[in-house]
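Below is one structure, written out as structure tokens; comments come after it.
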Amino acid sequence: MPRVLSGIQPSGQLTLGNYIGALQNFVKLQQTHECFFMVVDLHAITVPQEPAALREQTESVAALFVAAGIDPSKASVFAQSHVPAHAELGWLMTTLSSIGELERMTQFKDKSTGKESVGAGLFVYPALMAADILVYNADLVPVGDDQKQHLELTRDLAQRFNARFGEYFTIPEPYIPKVGARIMSLDDASKKMSKSNPNPASFIALLDPPDVIRKKISRATTDSGREVLFNPAEKPEVSNLMTIYTHCADISLSEIEARYEGQGYGAFKKDLAEHVVAKLEPLQTRYAEIRSSGAIHDILKQGADQVSSIANQTVRDVKERMGFILPR
Ligand code: TYM
């Protein structure tokens, strides 16, 4: 069975972008693939985190995985820091990376431009992400569009290792949705929807209460026209809302166009809000149940127990190939 690996950072509230771009595919893939899904807490600390907030967010993201439909008896759900092999292979991958290729990463450029001081962790972040994937020899990595470049680096590092030390790593393939790989901000369709945006009106959080969702959608930026048409180049705001609609209501973009022909944006936005609420309400109910049950710690432990031996074996194999003396 092909193996799937992906992760989400516990840094702020998860958004509808995370759901449509990634989480929803995690849920789908668990039916047909061996799946490993992790909360990437080691990645989150590449920018400063309050310890209490990091703890809370890590539990919250793990609970959201399960609330969204990941079944811990089918897929392994774990915290990255519970499997120390990630950090160890991360170092080995860092030594295979060049400063030039890390500098070319657009996420690094976005997060570092204009900052007086930039953490070194932010710079070597993609080498750790490569390790996350390669430590399980994953075949497929479900992600949104913004992670594509990191995946390409992962493939390059795997090929570089294989060329220098002998064929070992599987070259992983990205799994990116055709529509919805890049959900944009509600207030500015030139920026991706992001949990780290300081303006909460720019994103829909998975845990936003229904009235907040309705308000955010009614205030979402549109254009001065009135046609509900999918045309990302000419109508980026409306196309973005249509992308959210198609995922939440499970109808096609052309059906949406037909449904709102001649009706303007009002009815479209009102219905969209109800579809988003209907999609998120059951997830929010399950989330509350999981959090209050306290089950998340057991789920994370079970997940780490399931994947650790694979990750540890990879690190041993890699070290041996690189010339380390293994402890006897
Ligand atoms: P992160 O935590 O920023 O985002 C988690 C996932 O959500 C996707 N995503 C989006 N998709 C569509 N529209 C959006 N607006 C949007 N915003 C976020 C991201 O593409 C991602 O798939 N580096 C990764 C975490 C990571 C990882 C890994 C992923 C660490 N190790 C190994 C895969 C495999 C990140 O920061 O994602």
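Numbering starts fresh at 1 for the residues of each chain in the structure tokens, the chains themselves are lettered A, B, ... in the order given, and ligands are numbered from 1 as they appear.
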**OP:** Just list the residues in stretch 72-200 of chain A DSSP gives alpha helix (DSSP H) on the backbone, as JSON, numbers by chain.
**Re:** {"A": [85, 86, 87, 88, 89, 90, 91, 92, 93, 94, 95, 96, 99, 100, 101, 102, 103, 106, 107, 108, 109, 110, 111, 112, 120, 121, 122, 123, 124, 125, 126, 127, 128, 129, 130, 131, 132, 133, 134, 148, 149, 150, 151, 152, 153, 154, 155, 156, 157, 158, 159, 160, 161, 162, 163, 164, 165]}
**OP:** Skip stretch 105-116 of chain A itself and residues of its chain fewer than 5 positions away, then list as a count of residues only all residues within 10 Å of it, counting only C-alpha atoms.
**Re:** 12
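Residue nearest A:Gln313 within the list A:Gln263, A:Ser81, A:Asn137, A:Gln9: A:Asn137 [criterion: smallest interatomic distance, only C-alpha atoms].
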**OP:** Just the residues within 9 Å of A:Ala44, please, counting only C-alpha atoms, with nothing from its chain fewer than 6 positions along; format it as a count of residues only.
**Re:** 4
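Distances from A:His43, A:Arg291, A:Arg226, A:Lys269 to ligand 1 were compared using only C-alpha atoms and all ligand atoms, and the smallest one belongs to A:His43.
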